[in-house]
$ cat model02.txt   # compact mmCIF, C-alpha atoms and all ligand atoms
# COMPACT_ATOMS: atom_id res chain seq x y z
CA MET B 1 -40.67 182.95 123.39
CA ILE B 2 -38.16 180.73 125.16
CA ARG B 3 -35.10 179.61 123.14
CA CYS B 4 -34.16 175.99 123.83
CA GLU B 5 -31.34 173.74 122.65
CA ARG B 6 -31.21 169.96 122.89
CA ASN B 7 -28.30 168.01 121.34
CA GLY B 8 -27.54 170.93 119.04
CA VAL B 9 -31.13 171.24 117.80
CA VAL B 10 -32.48 174.74 118.50
CA PHE B 11 -36.19 175.43 118.95
CA TYR B 12 -38.52 177.94 120.57
CA GLU B 13 -41.43 177.52 122.98
CA PHE B 14 -44.21 179.98 123.79
CA GLU B 15 -43.96 181.16 127.39
CA THR B 16 -47.72 180.79 127.87
CA LEU B 17 -47.94 177.23 126.47
CA ALA B 18 -44.80 176.09 128.33
CA LEU B 19 -46.77 176.54 131.60
CA TYR B 20 -49.04 173.61 130.65
CA PRO B 21 -47.28 170.25 131.13
CA GLN B 22 -49.95 168.46 129.06
CA VAL B 23 -48.99 170.51 125.98
CA LEU B 24 -45.99 169.47 123.90
CA HIS B 25 -44.92 172.14 121.45
CA ALA B 26 -41.93 173.53 119.58
CA ILE B 27 -41.13 175.86 116.75
CA PHE B 28 -37.87 174.62 115.35
CA THR B 29 -35.17 176.75 113.78
CA ARG B 30 -32.82 175.85 110.93
CA ILE B 31 -30.09 174.94 113.45
CA GLY B 32 -28.94 171.41 114.23
CA GLY B 33 -29.88 169.43 111.12
CA LYS B 34 -28.21 167.48 108.31
CA SER B 35 -28.96 169.46 105.13
CA SER B 36 -26.35 171.49 103.24
CA GLU B 37 -26.61 174.86 101.43
CA PRO B 38 -29.07 176.45 100.82
CA PHE B 39 -31.15 174.20 103.09
CA CYS B 40 -28.74 174.20 106.02
CA SER B 41 -29.48 172.62 108.08
CA LEU B 42 -32.73 171.52 109.77
CA ASN B 43 -34.92 171.63 106.65
CA VAL B 44 -38.20 169.68 106.76
CA GLY B 45 -39.46 170.90 103.36
CA GLN B 46 -39.89 167.87 101.10
CA TRP B 47 -40.56 169.74 97.86
CA VAL B 48 -37.86 172.43 97.93
CA GLY B 49 -35.08 170.50 96.15
CA ASP B 50 -33.23 169.17 99.19
CA GLU B 51 -31.82 165.62 99.44
CA PRO B 52 -34.64 163.30 100.61
CA THR B 53 -32.28 161.40 102.92
CA ALA B 54 -31.29 164.65 104.68
CA VAL B 55 -34.94 165.74 104.99
CA GLN B 56 -35.81 162.37 106.51
CA ALA B 57 -32.87 162.60 108.93
CA ASN B 58 -34.05 166.08 109.97
CA HIS B 59 -37.56 164.76 110.68
CA ASP B 60 -36.02 161.99 112.80
CA LEU B 61 -34.00 164.60 114.70
CA ILE B 62 -36.98 166.80 115.55
CA PHE B 63 -39.08 163.79 116.59
CA GLN B 64 -36.23 162.55 118.82
CA THR B 65 -35.87 166.04 120.29
CA LEU B 66 -39.51 166.00 121.41
CA GLY B 67 -39.66 162.28 122.22
CA ILE B 68 -42.38 161.47 119.70
CA GLN B 69 -42.70 158.66 117.16
CA PRO B 70 -43.14 159.28 113.41
CA GLY B 71 -46.39 157.30 113.55
CA GLN B 72 -47.95 159.92 115.87
CA VAL B 73 -47.61 162.73 113.35
CA VAL B 74 -50.41 164.29 111.31
CA THR B 75 -49.35 166.79 108.67
CA ALA B 76 -50.91 168.51 105.67
CA HIS B 77 -50.20 169.59 102.14
CA GLN B 78 -50.22 173.36 102.68
CA VAL B 79 -51.79 175.48 99.95
CA HIS B 80 -52.18 178.99 101.51
CA GLY B 81 -55.89 178.29 101.86
CA ALA B 82 -58.42 178.47 104.68
CA ARG B 83 -59.45 174.83 105.05
CA VAL B 84 -59.36 173.26 108.54
CA ALA B 85 -59.08 169.50 109.16
CA ILE B 86 -59.66 167.49 112.34
CA ALA B 87 -56.69 165.25 113.15
CA GLU B 88 -57.78 161.96 114.70
CA ALA B 89 -55.90 158.73 115.33
CA ALA B 90 -56.90 157.58 111.83
CA GLN B 91 -54.97 160.47 110.28
CA GLN B 92 -51.72 159.67 112.09
CA ASP B 93 -48.83 159.00 109.73
CA THR B 94 -50.74 160.60 106.83
CA ILE B 95 -50.64 163.86 104.88
CA ILE B 96 -54.01 165.62 104.73
CA PRO B 97 -54.48 167.22 101.28
CA ALA B 98 -55.05 170.95 100.62
CA THR B 99 -55.22 172.06 104.25
CA ASP B 100 -53.53 174.84 106.24
CA SER B 101 -55.00 174.26 109.67
CA LEU B 102 -55.10 171.14 111.85
CA ILE B 103 -57.14 170.81 115.03
CA SER B 104 -57.31 167.96 117.54
CA GLN B 105 -58.52 166.82 120.94
CA ARG B 106 -56.81 163.45 120.65
CA ARG B 107 -53.93 162.87 123.07
CA GLY B 108 -50.77 161.69 121.35
CA VAL B 109 -51.62 163.12 117.93
CA ALA B 110 -48.72 165.41 116.93
CA LEU B 111 -49.62 168.19 114.49
CA LEU B 112 -46.78 169.22 112.15
CA LEU B 113 -46.67 172.08 109.64
CA ARG B 114 -43.81 173.76 107.75
CA PHE B 115 -42.85 177.44 107.46
CA ALA B 116 -40.57 179.99 105.80
CA ASP B 117 -42.07 183.50 106.39
CA CYS B 118 -45.74 182.55 106.82
CA LEU B 119 -46.95 182.70 110.39
CA PRO B 120 -47.19 179.61 112.63
CA LEU B 121 -50.35 180.02 114.72
CA MET B 122 -50.84 177.78 117.75
CA LEU B 123 -54.07 177.64 119.77
CA TYR B 124 -54.72 175.78 123.01
CA ASP B 125 -57.96 175.58 124.95
CA PRO B 126 -57.20 174.40 128.50
CA GLN B 127 -60.94 174.03 129.26
CA ARG B 128 -61.74 171.65 126.40
CA GLN B 129 -58.21 170.24 126.03
CA ALA B 130 -58.07 171.08 122.33
CA ILE B 131 -55.26 172.31 120.10
CA ALA B 132 -54.79 173.87 116.68
CA LEU B 133 -51.83 174.55 114.44
CA ALA B 134 -52.27 176.78 111.39
CA HIS B 135 -50.11 178.12 108.55
CA VAL B 136 -51.06 181.76 107.93
CA GLY B 137 -49.61 183.77 105.07
CA TRP B 138 -51.33 186.82 103.61
CA ARG B 139 -53.56 184.69 101.38
CA GLY B 140 -54.65 182.43 104.23
CA CYS B 141 -55.09 185.44 106.51
CA LEU B 142 -57.41 187.18 104.04
CA ALA B 143 -59.21 183.91 103.30
CA GLY B 144 -59.88 183.59 107.04
CA VAL B 145 -57.88 180.51 108.09
CA ALA B 146 -57.48 181.78 111.68
CA VAL B 147 -61.18 182.59 112.02
CA ASN B 148 -62.17 179.27 110.44
CA THR B 149 -59.92 177.45 112.90
CA LEU B 150 -61.67 179.06 115.88
CA ALA B 151 -65.07 178.31 114.37
CA GLU B 152 -64.22 174.68 113.70
CA MET B 153 -62.84 174.21 117.23
CA GLY B 154 -66.14 175.60 118.51
CA ARG B 155 -68.23 173.37 116.29
CA ALA B 156 -66.25 170.17 116.78
CA PHE B 157 -65.07 170.51 120.39
CA GLY B 158 -67.27 173.17 122.02
CA CYS B 159 -64.31 175.56 122.44
CA GLU B 160 -64.91 179.22 123.29
CA PRO B 161 -62.48 181.88 121.98
CA ARG B 162 -62.31 183.53 125.43
CA ASP B 163 -60.75 180.35 126.88
CA MET B 164 -58.08 180.08 124.21
CA LEU B 165 -54.38 180.77 124.45
CA ALA B 166 -52.89 181.86 121.13
CA GLY B 167 -49.26 181.92 120.06
CA LEU B 168 -48.00 183.78 117.00
CA GLY B 169 -44.65 182.31 115.98
CA PRO B 170 -41.75 183.65 113.91
CA ALA B 171 -42.91 185.13 110.58
CA ILE B 172 -41.89 187.85 108.16
CA GLY B 173 -42.37 191.06 110.14
CA PRO B 174 -43.64 194.57 109.41
CA CYS B 175 -39.97 195.61 109.09
CA CYS B 176 -39.51 193.50 105.94
CA TYR B 177 -42.82 192.46 104.37
CA GLU B 178 -43.17 194.62 101.27
CA VAL B 179 -46.45 193.88 99.50
CA GLY B 180 -48.01 194.83 96.17
CA PRO B 181 -51.33 196.41 95.18
CA ASP B 182 -53.23 193.07 95.20
CA VAL B 183 -52.39 192.56 98.87
CA LEU B 184 -53.16 196.20 99.75
CA THR B 185 -56.61 195.94 98.21
CA GLY B 186 -57.24 192.57 99.83
CA VAL B 187 -56.24 193.78 103.29
CA GLU B 188 -58.42 196.88 102.99
CA GLN B 189 -61.40 194.78 101.91
CA ALA B 190 -60.99 191.85 104.31
CA LEU B 191 -59.69 193.64 107.41
CA GLY B 192 -61.43 196.97 107.10
CA GLY B 193 -59.48 200.15 106.40
CA ASN B 194 -55.86 200.35 107.46
CA GLY B 195 -55.76 200.11 111.26
CA GLY B 196 -51.97 200.19 111.23
CA LEU B 197 -51.70 196.93 109.31
CA LEU B 198 -50.33 198.63 106.19
CA LEU B 199 -47.22 200.72 106.74
CA ALA B 200 -46.14 203.31 104.16
CA GLN B 201 -42.36 203.35 103.76
CA PRO B 202 -40.12 206.36 102.96
CA ASP B 203 -39.25 204.78 99.58
CA GLY B 204 -42.90 204.69 98.51
CA THR B 205 -43.44 200.97 99.10
CA THR B 206 -45.89 199.51 101.60
CA HIS B 207 -45.26 196.86 104.24
CA LEU B 208 -47.85 194.52 105.75
CA ASN B 209 -47.86 193.74 109.47
CA LEU B 210 -48.98 190.11 109.14
CA PRO B 211 -48.76 189.24 112.87
CA ALA B 212 -50.89 192.29 113.71
CA ALA B 213 -53.45 191.27 111.06
CA VAL B 214 -53.75 187.79 112.56
CA ARG B 215 -53.92 189.26 116.07
CA GLN B 216 -56.74 191.59 114.95
CA GLN B 217 -58.73 188.66 113.52
CA LEU B 218 -58.27 186.62 116.71
CA GLN B 219 -59.25 189.54 118.94
CA GLU B 220 -62.34 190.34 116.86
CA ALA B 221 -63.36 186.68 117.27
CA GLY B 222 -62.99 186.95 121.06
CA VAL B 223 -59.50 185.61 121.81
CA GLN B 224 -57.94 187.63 124.64
CA LYS B 225 -54.69 185.84 125.50
CA ILE B 226 -52.26 186.21 122.60
CA GLU B 227 -48.47 185.82 122.74
CA ASP B 228 -46.59 187.28 119.78
CA SER B 229 -43.02 186.06 119.27
CA GLY B 230 -42.04 189.35 117.64
CA LEU B 231 -39.42 187.40 115.69
CA CYS B 232 -38.98 188.31 112.01
CA THR B 233 -37.80 185.42 109.85
CA HIS B 234 -36.46 187.83 107.17
CA CYS B 235 -34.31 189.65 109.76
CA HIS B 236 -33.06 186.40 111.35
CA THR B 237 -31.98 184.07 108.53
CA THR B 238 -29.25 182.63 110.77
CA GLU B 239 -32.07 181.08 112.83
CA PHE B 240 -35.01 180.73 110.42
CA PHE B 241 -35.64 179.96 106.77
CA SER B 242 -37.03 182.99 104.91
CA HIS B 243 -38.56 182.46 101.49
CA ARG B 244 -38.43 186.19 100.76
CA ALA B 245 -34.93 186.92 102.10
CA GLU B 246 -33.42 183.91 100.36
CA LYS B 247 -35.27 184.49 97.10
CA GLY B 248 -37.17 181.22 97.17
CA ARG B 249 -34.08 178.98 97.45
CA THR B 250 -34.41 177.87 101.03
CA GLY B 251 -35.85 175.25 103.35
CA ARG B 252 -38.77 175.07 105.75
CA PHE B 253 -38.72 174.93 109.55
CA ALA B 254 -41.14 172.80 111.52
CA ALA B 255 -43.77 173.66 114.09
CA ILE B 256 -45.15 170.80 116.18
CA LEU B 257 -48.04 170.82 118.66
CA ALA B 258 -49.52 167.90 120.58
CA LEU B 259 -51.43 166.95 123.70
CA ARG B 260 -49.29 164.49 125.65
CA GLU B 261 -50.59 160.94 126.12
ZN ZN J 301 -37.68 192.01 109.47
$ encode --input "model02.txt" --output "structure tokens"
Amino acid sequence: MIRCERNGVVFYEFETLALYPQVLHAIFTRIGGKSSEPFCSLNVGQWVGDEPTAVQANHDLIFQTLGIQPGQVVTAHQVHGARVAIAEAAQQDTIIPATDSLISQRRGVALLLRFADCLPLMLYDPQRQAIALAHVGWRGCLAGVAVNTLAEMGRAFGCEPRDMLAGLGPAIGPCCYEVGPDVLTGVEQALGGNGGLLLAQPDGTTHLNLPAAVRQQLQEAGVQKIEDSGLCTHCHTTEFFSHRAEKGRTGRFAAILALRE
């Protein structure tokens, strides 16, 4: 990814998506906002206990950074599920309930989701001019949110996985993501055997490689061009919020994806 800074606000861009001038995208960090401890400082989580005025100011900052208006934004109430919603002009300035994936072909619609260890997945189809932004934690991964997103883009927009560019943003990495028996069983059932996704540690615990699991699902569905940030949120809490590293008392960083008007 490419690290960018504009007026003190730090964000990342995927190298592959940055080559397309019609795509506007950013994965923000926690740097450059208005919130104080433990939400310092660019928190966009509205339900984490932060001051609403600071959260609003942080939204204004990220919109200014990208040159978009609040009225362009479509966001969702994220529930670690597998539901996909189509974002049209009618959904701008609204919060779509119980949804972890937003897709659109509408220019000017800015998709916004929030993260702190779960994986931000961006998809862009240059042939059909379609985009998707998904929130993928282990539950959503096993429930098939990435696969559902590809299927819905195919159904609604005629997209083909082989045309897609995928970006896997900063998420808790295989270095840090200790998981319990429920996740182990789920991964073995949903993703077939181990395949390097589950990593036995010297201390007897097991770590999940969430980015590799999402990559495997995308590849099995036919996506060939995948950029993985390789950034672990748990290892980099100076840049990113990490729910696990900060024991639940933390903020959320924003990912935004749009087709320019
Ligand atoms: Zn790590």
$ residues_around --input "model02.txt" --residues "stretch 78-93 of chain B" --least-positions-apart "3" --cutoff "8 Å" --atoms "only C-alpha atoms" --output "ChimeraX atom specification"
/B:70-75,96-106,109,111,113,135-137,139-141,143-146,148-149,152
$ write_last_selection --input "model02.txt" --atoms "C-alpha atoms" --output "short mmCIF file (atom, residue, chain, number, x, y, z; two decimals), in the frame of the given file"
data_model
loop_
_atom_site.label_atom_id
_atom_site.label_comp_id
_atom_site.auth_asym_id
_atom_site.auth_seq_id
_atom_site.Cartn_x
_atom_site.Cartn_y
_atom_site.Cartn_z
CA PRO B 70 -43.14 159.28 113.41
CA GLY B 71 -46.39 157.30 113.55
CA GLN B 72 -47.95 159.92 115.87
CA VAL B 73 -47.61 162.73 113.35
CA VAL B 74 -50.41 164.29 111.31
CA THR B 75 -49.35 166.79 108.67
CA ILE B 96 -54.01 165.62 104.73
CA PRO B 97 -54.48 167.22 101.28
CA ALA B 98 -55.05 170.95 100.62
CA THR B 99 -55.22 172.06 104.25
CA ASP B 100 -53.53 174.84 106.24
CA SER B 101 -55.00 174.26 109.67
CA LEU B 102 -55.10 171.14 111.85
CA ILE B 103 -57.14 170.81 115.03
CA SER B 104 -57.31 167.96 117.54
CA GLN B 105 -58.52 166.82 120.94
CA ARG B 106 -56.81 163.45 120.65
CA VAL B 109 -51.62 163.12 117.93
CA LEU B 111 -49.62 168.19 114.49
CA LEU B 113 -46.67 172.08 109.64
CA HIS B 135 -50.11 178.12 108.55
CA VAL B 136 -51.06 181.76 107.93
CA GLY B 137 -49.61 183.77 105.07
CA ARG B 139 -53.56 184.69 101.38
CA GLY B 140 -54.65 182.43 104.23
CA CYS B 141 -55.09 185.44 106.51
CA ALA B 143 -59.21 183.91 103.30
CA GLY B 144 -59.88 183.59 107.04
CA VAL B 145 -57.88 180.51 108.09
CA ALA B 146 -57.48 181.78 111.68
CA ASN B 148 -62.17 179.27 110.44
CA THR B 149 -59.92 177.45 112.90
CA GLU B 152 -64.22 174.68 113.70
#
$ closest_residue --input "model02.txt" --among "B:Ile172, B:Val179, B:Met153, B:Ala213" --to "ligand ZN 301 (chain J)" --atoms "only C-alpha atoms and all ligand atoms"
B:Ile172
$ closest_residue --input "model02.txt" --among "B:Pro38, B:Gly196, B:Pro202, B:Pro52" --to "B:Gln216" --atoms "all atoms listed in the file"
B:Gly196
$ residues_near_ligand --input "model02.txt" --ligand "ligand ZN 301 (chain J)" --cutoff "6 Å" --atoms "only C-alpha atoms and all ligand atoms" --output "PDB file with C-alpha atoms, in the coordinates of the input"
ATOM      1  CA  GLY B 173     -42.370 191.060 110.140  1.00  0.00           C
ATOM      2  CA  CYS B 175     -39.970 195.610 109.090  1.00  0.00           C
ATOM      3  CA  CYS B 176     -39.510 193.500 105.940  1.00  0.00           C
ATOM      4  CA  CYS B 232     -38.980 188.310 112.010  1.00  0.00           C
ATOM      5  CA  HIS B 234     -36.460 187.830 107.170  1.00  0.00           C
ATOM      6  CA  CYS B 235     -34.310 189.650 109.760  1.00  0.00           C
TER       7      CYS B 235
END
$ residues_near_point --input "model02.txt" --point "(-60.1, 175.8, 118.4)" --cutoff "9 Å" --atoms "all atoms listed in the file" --output "PDB file with C-alpha atoms, in the frame of the given file"
ATOM      1  CA  ILE B 103     -57.140 170.810 115.030  1.00  0.00           C
ATOM      2  CA  SER B 104     -57.310 167.960 117.540  1.00  0.00           C
ATOM      3  CA  LEU B 123     -54.070 177.640 119.770  1.00  0.00           C
ATOM      4  CA  TYR B 124     -54.720 175.780 123.010  1.00  0.00           C
ATOM      5  CA  ASP B 125     -57.960 175.580 124.950  1.00  0.00           C
ATOM      6  CA  ALA B 130     -58.070 171.080 122.330  1.00  0.00           C
ATOM      7  CA  ILE B 131     -55.260 172.310 120.100  1.00  0.00           C
ATOM      8  CA  ALA B 132     -54.790 173.870 116.680  1.00  0.00           C
ATOM      9  CA  ASN B 148     -62.170 179.270 110.440  1.00  0.00           C
ATOM     10  CA  THR B 149     -59.920 177.450 112.900  1.00  0.00           C
ATOM     11  CA  LEU B 150     -61.670 179.060 115.880  1.00  0.00           C
ATOM     12  CA  ALA B 151     -65.070 178.310 114.370  1.00  0.00           C
ATOM     13  CA  GLU B 152     -64.220 174.680 113.700  1.00  0.00           C
ATOM     14  CA  MET B 153     -62.840 174.210 117.230  1.00  0.00           C
ATOM     15  CA  GLY B 154     -66.140 175.600 118.510  1.00  0.00           C
ATOM     16  CA  ARG B 155     -68.230 173.370 116.290  1.00  0.00           C
ATOM     17  CA  ALA B 156     -66.250 170.170 116.780  1.00  0.00           C
ATOM     18  CA  PHE B 157     -65.070 170.510 120.390  1.00  0.00           C
ATOM     19  CA  GLY B 158     -67.270 173.170 122.020  1.00  0.00           C
ATOM     20  CA  CYS B 159     -64.310 175.560 122.440  1.00  0.00           C
ATOM     21  CA  GLU B 160     -64.910 179.220 123.290  1.00  0.00           C
ATOM     22  CA  PRO B 161     -62.480 181.880 121.980  1.00  0.00           C
ATOM     23  CA  MET B 164     -58.080 180.080 124.210  1.00  0.00           C
TER      24      MET B 164
END
$ closest_residue --input "model02.txt" --among "B:Lys34, B:Arg244, B:Arg114, B:Lys225" --to "B:Leu17" --atoms "only C-alpha atoms"
B:Lys225
$ residues_around --input "model02.txt" --residues "B:Ile62" --least-positions-apart "2" --cutoff "12 Å" --atoms "all atoms listed in the file" --output "number ranges by chain"
B: 5-11, 25-34, 42-44, 55-60, 64-70, 73, 110, 112, 253-256
$ write_last_selection --input "model02.txt" --atoms "C-alpha atoms" --output "PDB file, in the frame of the given file"
ATOM      1  CA  GLU B   5     -31.340 173.740 122.650  1.00  0.00           C
ATOM      2  CA  ARG B   6     -31.210 169.960 122.890  1.00  0.00           C
ATOM      3  CA  ASN B   7     -28.300 168.010 121.340  1.00  0.00           C
ATOM      4  CA  GLY B   8     -27.540 170.930 119.040  1.00  0.00           C
ATOM      5  CA  VAL B   9     -31.130 171.240 117.800  1.00  0.00           C
ATOM      6  CA  VAL B  10     -32.480 174.740 118.500  1.00  0.00           C
ATOM      7  CA  PHE B  11     -36.190 175.430 118.950  1.00  0.00           C
ATOM      8  CA  HIS B  25     -44.920 172.140 121.450  1.00  0.00           C
ATOM      9  CA  ALA B  26     -41.930 173.530 119.580  1.00  0.00           C
ATOM     10  CA  ILE B  27     -41.130 175.860 116.750  1.00  0.00           C
ATOM     11  CA  PHE B  28     -37.870 174.620 115.350  1.00  0.00           C
ATOM     12  CA  THR B  29     -35.170 176.750 113.780  1.00  0.00           C
ATOM     13  CA  ARG B  30     -32.820 175.850 110.930  1.00  0.00           C
ATOM     14  CA  ILE B  31     -30.090 174.940 113.450  1.00  0.00           C
ATOM     15  CA  GLY B  32     -28.940 171.410 114.230  1.00  0.00           C
ATOM     16  CA  GLY B  33     -29.880 169.430 111.120  1.00  0.00           C
ATOM     17  CA  LYS B  34     -28.210 167.480 108.310  1.00  0.00           C
ATOM     18  CA  LEU B  42     -32.730 171.520 109.770  1.00  0.00           C
ATOM     19  CA  ASN B  43     -34.920 171.630 106.650  1.00  0.00           C
ATOM     20  CA  VAL B  44     -38.200 169.680 106.760  1.00  0.00           C
ATOM     21  CA  VAL B  55     -34.940 165.740 104.990  1.00  0.00           C
ATOM     22  CA  GLN B  56     -35.810 162.370 106.510  1.00  0.00           C
ATOM     23  CA  ALA B  57     -32.870 162.600 108.930  1.00  0.00           C
ATOM     24  CA  ASN B  58     -34.050 166.080 109.970  1.00  0.00           C
ATOM     25  CA  HIS B  59     -37.560 164.760 110.680  1.00  0.00           C
ATOM     26  CA  ASP B  60     -36.020 161.990 112.800  1.00  0.00           C
ATOM     27  CA  GLN B  64     -36.230 162.550 118.820  1.00  0.00           C
ATOM     28  CA  THR B  65     -35.870 166.040 120.290  1.00  0.00           C
ATOM     29  CA  LEU B  66     -39.510 166.000 121.410  1.00  0.00           C
ATOM     30  CA  GLY B  67     -39.660 162.280 122.220  1.00  0.00           C
ATOM     31  CA  ILE B  68     -42.380 161.470 119.700  1.00  0.00           C
ATOM     32  CA  GLN B  69     -42.700 158.660 117.160  1.00  0.00           C
ATOM     33  CA  PRO B  70     -43.140 159.280 113.410  1.00  0.00           C
ATOM     34  CA  VAL B  73     -47.610 162.730 113.350  1.00  0.00           C
ATOM     35  CA  ALA B 110     -48.720 165.410 116.930  1.00  0.00           C
ATOM     36  CA  LEU B 112     -46.780 169.220 112.150  1.00  0.00           C
ATOM     37  CA  PHE B 253     -38.720 174.930 109.550  1.00  0.00           C
ATOM     38  CA  ALA B 254     -41.140 172.800 111.520  1.00  0.00           C
ATOM     39  CA  ALA B 255     -43.770 173.660 114.090  1.00  0.00           C
ATOM     40  CA  ILE B 256     -45.150 170.800 116.180  1.00  0.00           C
TER      41      ILE B 256
END
$ residues_around --input "model02.txt" --residues "B:Val48" --least-positions-apart "2" --cutoff "10 Å" --atoms "only C-alpha atoms" --output "NGL selection string"
:B and (39 or 43-46 or 50-51 or 248-252)
$ atom_distance --input "model02.txt" --atom1 "atom CA of B:Phe115" --atom2 "atom CA of B:Gln127"
28.5 Å
$ axis_aligned_box --input "model02.txt" --around "stretch 67-86 of chain B" --padding-each-side "6 Å" --output "AutoDock Vina command-line options"
--center_x -49.7 --center_y 168.1 --center_z 111.1 --size_x 32.0 --size_y 33.7 --size_z 34.3
